[in-house]
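Structure below is my_file_22.pdb: PDB, C-alpha atoms, pLDDT in the B column.
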ATOM      1  CA  MET A   1      94.672 126.710  83.716  1.00 76.00           C
ATOM      2  CA  ARG A   2      91.073 126.953  84.852  1.00 83.00           C
ATOM      3  CA  ILE A   3      90.723 125.867  88.431  1.00 86.00           C
ATOM      4  CA  ASP A   4      86.947 125.397  88.419  1.00 86.00           C
ATOM      5  CA  ALA A   5      87.468 121.755  87.344  1.00 89.00           C
ATOM      6  CA  ILE A   6      89.849 121.075  90.251  1.00 93.00           C
ATOM      7  CA  ALA A   7      88.326 119.512  93.358  1.00 92.00           C
ATOM      8  CA  VAL A   8      89.526 118.580  96.823  1.00 93.00           C
ATOM      9  CA  GLY A   9      91.525 115.344  96.699  1.00 92.00           C
ATOM     10  CA  ASP A  10      92.797 115.852  93.138  1.00 94.00           C
ATOM     11  CA  ILE A  11      96.510 115.937  92.323  1.00 95.00           C
ATOM     12  CA  VAL A  12      97.987 119.097  90.804  1.00 95.00           C
ATOM     13  CA  ARG A  13     101.358 119.981  89.303  1.00 95.00           C
ATOM     14  CA  ALA A  14     102.465 123.550  89.883  1.00 95.00           C
ATOM     15  CA  SER A  15     105.417 125.436  88.422  1.00 94.00           C
ATOM     16  CA  ILE A  16     106.446 127.931  91.091  1.00 92.00           C
ATOM     17  CA  GLY A  17     109.644 129.948  90.838  1.00 89.00           C
ATOM     18  CA  GLY A  18     111.099 127.616  88.225  1.00 89.00           C
ATOM     19  CA  ARG A  19     110.468 124.519  90.324  1.00 91.00           C
ATOM     20  CA  VAL A  20     107.829 121.840  89.818  1.00 93.00           C
ATOM     21  CA  VAL A  21     105.747 120.779  92.819  1.00 94.00           C
ATOM     22  CA  TYR A  22     103.146 118.000  92.948  1.00 95.00           C
ATOM     23  CA  GLY A  23     100.484 118.068  95.621  1.00 95.00           C
ATOM     24  CA  GLU A  24      97.085 116.863  96.768  1.00 94.00           C
ATOM     25  CA  VAL A  25      94.465 119.610  96.803  1.00 95.00           C
ATOM     26  CA  LEU A  26      93.183 120.544 100.255  1.00 95.00           C
ATOM     27  CA  GLU A  27      91.182 123.701  99.484  1.00 94.00           C
ATOM     28  CA  ILE A  28      90.379 126.133  96.707  1.00 93.00           C
ATOM     29  CA  SER A  29      89.580 129.701  97.678  1.00 92.00           C
ATOM     30  CA  ALA A  30      89.776 133.083  95.921  1.00 90.00           C
ATOM     31  CA  GLY A  31      91.574 131.704  92.868  1.00 89.00           C
ATOM     32  CA  VAL A  32      94.277 130.019  94.957  1.00 94.00           C
ATOM     33  CA  VAL A  33      94.741 126.261  95.246  1.00 95.00           C
ATOM     34  CA  HIS A  34      95.997 125.148  98.662  1.00 95.00           C
ATOM     35  CA  PHE A  35      97.644 121.734  98.531  1.00 95.00           C
ATOM     36  CA  ASN A  36      99.639 119.266 100.560  1.00 94.00           C
ATOM     37  CA  PRO A  37     102.885 118.662  98.632  1.00 94.00           C
ATOM     38  CA  ILE A  38     103.750 115.049  97.882  1.00 92.00           C
ATOM     39  CA  SER A  39     107.415 115.804  98.585  1.00 86.00           C
ATOM     40  CA  ARG A  40     107.570 117.160 102.127  1.00 80.00           C
ATOM     41  CA  GLY A  41     110.722 119.127 101.273  1.00 82.00           C
ATOM     42  CA  ALA A  42     108.794 121.463  98.991  1.00 83.00           C
ATOM     43  CA  GLY A  43     108.413 124.916 100.469  1.00 84.00           C
ATOM     44  CA  TRP A  44     105.183 125.798  98.683  1.00 89.00           C
ATOM     45  CA  ARG A  45     101.726 124.948  99.901  1.00 92.00           C
ATOM     46  CA  HIS A  46      99.585 127.030  97.509  1.00 93.00           C
ATOM     47  CA  ALA A  47      99.542 128.165  93.891  1.00 95.00           C
ATOM     48  CA  SER A  48      97.506 130.493  91.725  1.00 94.00           C
ATOM     49  CA  ALA A  49      95.604 129.359  88.649  1.00 92.00           C
ATOM     50  CA  HIS A  50      98.436 130.664  86.457  1.00 94.00           C
ATOM     51  CA  GLN A  51     100.989 128.471  88.283  1.00 95.00           C
ATOM     52  CA  ILE A  52      98.973 125.226  87.955  1.00 95.00           C
ATOM     53  CA  VAL A  53     100.285 123.356  84.889  1.00 95.00           C
ATOM     54  CA  GLY A  54      98.819 119.877  85.396  1.00 94.00           C
ATOM     55  CA  HIS A  55      95.769 118.280  86.972  1.00 94.00           C
ATOM     56  CA  TRP A  56      94.778 114.685  87.683  1.00 92.00           C
ATOM     57  CA  ARG A  57      91.245 114.011  88.816  1.00 91.00           C
ATOM     58  CA  ARG A  58      90.605 111.723  91.736  1.00 82.00           C
ATOM     59  CA  ALA A  59      88.482 108.835  90.521  1.00 79.00           C
ATOM     60  CA  GLY A  60      86.561 106.304  92.561  1.00 71.00           C
ATOM     61  CA  ARG A  61      85.849 102.714  91.789  1.00 65.00           C
ATOM     62  CA  ARG A  62      83.687 102.068  88.762  1.00 63.00           C
ATOM     63  CA  GLY A  63      81.605  99.336  90.322  1.00 60.00           C
ATOM     64  CA  GLN A  64      80.730  98.266  93.781  1.00 58.00           C
ATOM     65  CA  VAL A  65      82.879  95.431  95.109  1.00 57.00           C
ATOM     66  CA  ARG A  66      80.755  92.798  96.773  1.00 56.00           C
ATOM     67  CA  ASP A  67      81.876  90.322  99.387  1.00 58.00           C
ATOM     68  CA  ASP A  68      81.769  86.617  98.390  1.00 54.00           C
ATOM     69  CA  ALA A  69      79.094  85.963 101.014  1.00 55.00           C
ATOM     70  CA  GLU A  70      76.848  88.583  99.450  1.00 62.00           C
ATOM     71  CA  ALA A  71      77.473  87.385  95.898  1.00 62.00           C
ATOM     72  CA  GLY A  72      75.266  84.310  96.322  1.00 66.00           C
ATOM     73  CA  PRO A  73      75.688  81.000  94.553  1.00 66.00           C
ATOM     74  CA  ALA A  74      77.374  80.865  91.161  1.00 60.00           C
ATOM     75  CA  PRO A  75      75.198  80.062  88.140  1.00 64.00           C
ATOM     76  CA  ILE A  76      75.125  76.387  87.160  1.00 59.00           C
ATOM     77  CA  GLU A  77      76.846  77.150  83.842  1.00 60.00           C
ATOM     78  CA  GLN A  78      79.938  78.232  85.771  1.00 59.00           C
ATOM     79  CA  LEU A  79      80.080  75.232  88.108  1.00 57.00           C
ATOM     80  CA  SER A  80      80.597  72.427  85.608  1.00 58.00           C
ATOM     81  CA  LEU A  81      83.969  72.113  83.908  1.00 61.00           C
ATOM     82  CA  THR A  82      83.211  68.855  82.056  1.00 65.00           C
ATOM     83  CA  LEU A  83      81.296  68.494  78.835  1.00 66.00           C
ATOM     84  CA  ASP A  84      78.565  65.886  78.395  1.00 70.00           C
ATOM     85  CA  LEU A  85      79.678  64.449  75.072  1.00 73.00           C
ATOM     86  CA  PRO A  86      79.047  60.931  73.745  1.00 77.00           C
ATOM     87  CA  PRO A  87      82.108  58.612  73.902  1.00 75.00           C
ATOM     88  CA  ASP A  88      84.469  58.765  70.932  1.00 77.00           C
ATOM     89  CA  PRO A  89      84.365  55.433  69.028  1.00 79.00           C
ATOM     90  CA  THR A  90      87.970  55.829  67.851  1.00 83.00           C
ATOM     91  CA  ILE A  91      89.338  55.781  71.392  1.00 77.00           C
ATOM     92  CA  PRO A  92      89.420  52.311  73.045  1.00 78.00           C
ATOM     93  CA  GLN A  93      87.441  52.175  76.255  1.00 73.00           C
ATOM     94  CA  ASP A  94      88.899  50.416  79.315  1.00 73.00           C
ATOM     95  CA  GLY A  95      86.556  47.854  80.668  1.00 62.00           C
ATOM     96  CA  PRO A  96      86.077  44.209  81.464  1.00 64.00           C
ATOM     97  CA  ASP A  97      86.711  41.796  78.525  1.00 55.00           C
TER      98      ASP A  97
END

Please rewrite the model in this file as structure tokens.
Amino acid sequence: MRIDAIAVGDIVRASIGGRVVYGEVLEISAGVVHFNPISRGAGWRHASAHQIVGHWRRAGRRGQVRDDAEAGPAPIEQLSLTLDLPPDPTIPQDGPD
């Protein structure tokens, strides 16, 4: 696998000595990926480009989350839940007789 697309913070899957290790990338130097294994029992902390068999990119949020105070007032169209329709003549209206 090409390691030029791997960045710090990404998750990698490495096949080392017949075992599979998942880890978070800490550093990439001289064709070697140094990572922090997700399973602490794993004995490996680095892998070569040949040993990396999977890669998941770290992605941030797509949009900025704003606080409700910063959002401002809601548009008038969103405030009203009732419709201003004329009364239905087929439905009897309650009122004084």

Chain and number of each residue from the PyMOL selection byres ((chain A and resi 43-52) around 7), as a tab-separated table (two decimals) with C-alpha atoms, in the frame of the given file:
chain	number	residue	atom	x	y	z
A	1	MET	CA	94.67	126.71	83.72
A	2	ARG	CA	91.07	126.95	84.85
A	3	ILE	CA	90.72	125.87	88.43
A	12	VAL	CA	97.99	119.10	90.80
A	13	ARG	CA	101.36	119.98	89.30
A	14	ALA	CA	102.46	123.55	89.88
A	15	SER	CA	105.42	125.44	88.42
A	16	ILE	CA	106.45	127.93	91.09
A	31	GLY	CA	91.57	131.70	92.87
A	32	VAL	CA	94.28	130.02	94.96
A	33	VAL	CA	94.74	126.26	95.25
A	34	HIS	CA	96.00	125.15	98.66
A	35	PHE	CA	97.64	121.73	98.53
A	36	ASN	CA	99.64	119.27	100.56
A	37	PRO	CA	102.88	118.66	98.63
A	41	GLY	CA	110.72	119.13	101.27
A	42	ALA	CA	108.79	121.46	98.99
A	53	VAL	CA	100.28	123.36	84.89
A	54	GLY	CA	98.82	119.88	85.40

Check: So how far away is atom CA of A:Gly60 from atom CA of A:Val21, in Å?
Finding: 24.0 Å

Next item on the list: Carefully work through the PyMOL selection byres ((chain A and resi 11) around 6) for this structure and note down the residues it includes, as a PyMOL selection string.
Entry: chain A and resi 10+12+23-24+55-56

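Across the structure, atom CA of A:Ser39 and atom CA of A:Asp4 are spaced 24.8 Å apart.
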
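Between atom CA of A:Val25 and atom CA of A:Ile6 the separation is 8.1 Å.
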
Complete stretch 22-52 of chain A with N, CA and C atoms (output as a PDB file, in the frame of the given file).
ATOM      1  N   TYR A  22     104.362 118.788  93.035  1.00 95.00           N
ATOM      2  CA  TYR A  22     103.146 118.000  92.948  1.00 95.00           C
ATOM      3  C   TYR A  22     102.482 118.003  94.321  1.00 95.00           C
ATOM      4  N   GLY A  23     101.164 118.069  94.336  1.00 95.00           N
ATOM      5  CA  GLY A  23     100.484 118.068  95.621  1.00 95.00           C
ATOM      6  C   GLY A  23      99.034 117.644  95.517  1.00 95.00           C
ATOM      7  N   GLU A  24      98.495 117.244  96.666  1.00 94.00           N
ATOM      8  CA  GLU A  24      97.085 116.863  96.768  1.00 94.00           C
ATOM      9  C   GLU A  24      96.291 118.074  97.248  1.00 94.00           C
ATOM     10  N   VAL A  25      95.247 118.393  96.527  1.00 95.00           N
ATOM     11  CA  VAL A  25      94.465 119.610  96.803  1.00 95.00           C
ATOM     12  C   VAL A  25      93.720 119.473  98.130  1.00 95.00           C
ATOM     13  N   LEU A  26      93.883 120.482  98.975  1.00 95.00           N
ATOM     14  CA  LEU A  26      93.183 120.544 100.255  1.00 95.00           C
ATOM     15  C   LEU A  26      92.013 121.512 100.214  1.00 95.00           C
ATOM     16  N   GLU A  27      92.206 122.648  99.507  1.00 94.00           N
ATOM     17  CA  GLU A  27      91.182 123.701  99.484  1.00 94.00           C
ATOM     18  C   GLU A  27      91.400 124.598  98.274  1.00 94.00           C
ATOM     19  N   ILE A  28      90.318 125.153  97.780  1.00 93.00           N
ATOM     20  CA  ILE A  28      90.379 126.133  96.707  1.00 93.00           C
ATOM     21  C   ILE A  28      89.596 127.357  97.168  1.00 93.00           C
ATOM     22  N   SER A  29      90.276 128.492  97.242  1.00 92.00           N
ATOM     23  CA  SER A  29      89.580 129.701  97.678  1.00 92.00           C
ATOM     24  C   SER A  29      90.195 130.919  97.010  1.00 92.00           C
ATOM     25  N   ALA A  30      89.376 131.803  96.519  1.00 90.00           N
ATOM     26  CA  ALA A  30      89.776 133.083  95.921  1.00 90.00           C
ATOM     27  C   ALA A  30      90.816 132.914  94.822  1.00 90.00           C
ATOM     28  N   GLY A  31      90.655 131.904  93.984  1.00 89.00           N
ATOM     29  CA  GLY A  31      91.574 131.704  92.868  1.00 89.00           C
ATOM     30  C   GLY A  31      92.911 131.094  93.247  1.00 89.00           C
ATOM     31  N   VAL A  32      93.037 130.631  94.472  1.00 94.00           N
ATOM     32  CA  VAL A  32      94.277 130.019  94.957  1.00 94.00           C
ATOM     33  C   VAL A  32      93.993 128.580  95.351  1.00 94.00           C
ATOM     34  N   VAL A  33      94.867 127.678  94.909  1.00 95.00           N
ATOM     35  CA  VAL A  33      94.741 126.261  95.246  1.00 95.00           C
ATOM     36  C   VAL A  33      95.708 125.967  96.381  1.00 95.00           C
ATOM     37  N   HIS A  34      95.171 125.549  97.518  1.00 95.00           N
ATOM     38  CA  HIS A  34      95.997 125.148  98.662  1.00 95.00           C
ATOM     39  C   HIS A  34      96.154 123.639  98.586  1.00 95.00           C
ATOM     40  N   PHE A  35      97.395 123.164  98.690  1.00 95.00           N
ATOM     41  CA  PHE A  35      97.644 121.734  98.531  1.00 95.00           C
ATOM     42  C   PHE A  35      98.666 121.248  99.543  1.00 95.00           C
ATOM     43  N   ASN A  36      98.673 119.946  99.722  1.00 94.00           N
ATOM     44  CA  ASN A  36      99.639 119.266 100.560  1.00 94.00           C
ATOM     45  C   ASN A  36     100.676 118.661  99.617  1.00 94.00           C
ATOM     46  N   PRO A  37     101.916 119.162  99.605  1.00 94.00           N
ATOM     47  CA  PRO A  37     102.885 118.662  98.632  1.00 94.00           C
ATOM     48  C   PRO A  37     103.223 117.193  98.865  1.00 94.00           C
ATOM     49  N   ILE A  38     103.404 116.464  97.776  1.00 92.00           N
ATOM     50  CA  ILE A  38     103.750 115.049  97.882  1.00 92.00           C
ATOM     51  C   ILE A  38     105.154 114.907  98.452  1.00 92.00           C
ATOM     52  N   SER A  39     106.066 115.771  98.025  1.00 86.00           N
ATOM     53  CA  SER A  39     107.415 115.804  98.585  1.00 86.00           C
ATOM     54  C   SER A  39     107.407 116.793  99.753  1.00 86.00           C
ATOM     55  N   ARG A  40     107.647 116.305 100.932  1.00 80.00           N
ATOM     56  CA  ARG A  40     107.570 117.160 102.127  1.00 80.00           C
ATOM     57  C   ARG A  40     108.621 118.270 102.119  1.00 80.00           C
ATOM     58  N   GLY A  41     109.677 118.112 101.329  1.00 82.00           N
ATOM     59  CA  GLY A  41     110.722 119.127 101.273  1.00 82.00           C
ATOM     60  C   GLY A  41     110.328 120.361 100.494  1.00 82.00           C
ATOM     61  N   ALA A  42     109.236 120.306  99.775  1.00 83.00           N
ATOM     62  CA  ALA A  42     108.794 121.463  98.991  1.00 83.00           C
ATOM     63  C   ALA A  42     108.354 122.573  99.928  1.00 83.00           C
ATOM     64  N   GLY A  43     108.735 123.785  99.605  1.00 84.00           N
ATOM     65  CA  GLY A  43     108.413 124.916 100.469  1.00 84.00           C
ATOM     66  C   GLY A  43     107.092 125.576 100.152  1.00 84.00           C
ATOM     67  N   TRP A  44     106.416 125.145  99.091  1.00 89.00           N
ATOM     68  CA  TRP A  44     105.183 125.798  98.683  1.00 89.00           C
ATOM     69  C   TRP A  44     103.983 124.954  99.062  1.00 89.00           C
ATOM     70  N   ARG A  45     102.948 125.628  99.494  1.00 92.00           N
ATOM     71  CA  ARG A  45     101.726 124.948  99.901  1.00 92.00           C
ATOM     72  C   ARG A  45     100.504 125.497  99.173  1.00 92.00           C
ATOM     73  N   HIS A  46     100.699 126.461  98.269  1.00 93.00           N
ATOM     74  CA  HIS A  46      99.585 127.030  97.509  1.00 93.00           C
ATOM     75  C   HIS A  46     100.105 127.556  96.171  1.00 93.00           C
ATOM     76  N   ALA A  47      99.189 127.664  95.225  1.00 95.00           N
ATOM     77  CA  ALA A  47      99.542 128.165  93.891  1.00 95.00           C
ATOM     78  C   ALA A  47      98.324 128.847  93.285  1.00 95.00           C
ATOM     79  N   SER A  48      98.599 129.815  92.431  1.00 94.00           N
ATOM     80  CA  SER A  48      97.506 130.493  91.725  1.00 94.00           C
ATOM     81  C   SER A  48      97.126 129.679  90.492  1.00 94.00           C
ATOM     82  N   ALA A  49      96.064 130.065  89.845  1.00 92.00           N
ATOM     83  CA  ALA A  49      95.604 129.359  88.649  1.00 92.00           C
ATOM     84  C   ALA A  49      96.662 129.419  87.552  1.00 92.00           C
ATOM     85  N   HIS A  50      97.395 130.511  87.474  1.00 94.00           N
ATOM     86  CA  HIS A  50      98.436 130.664  86.457  1.00 94.00           C
ATOM     87  C   HIS A  50      99.598 129.695  86.693  1.00 94.00           C
ATOM     88  N   GLN A  51      99.862 129.345  87.941  1.00 95.00           N
ATOM     89  CA  GLN A  51     100.989 128.471  88.283  1.00 95.00           C
ATOM     90  C   GLN A  51     100.653 126.985  88.160  1.00 95.00           C
ATOM     91  N   ILE A  52      99.382 126.622  88.100  1.00 95.00           N
ATOM     92  CA  ILE A  52      98.973 125.226  87.955  1.00 95.00           C
ATOM     93  C   ILE A  52      99.173 124.819  86.501  1.00 95.00           C
TER      94      ILE A  52
END
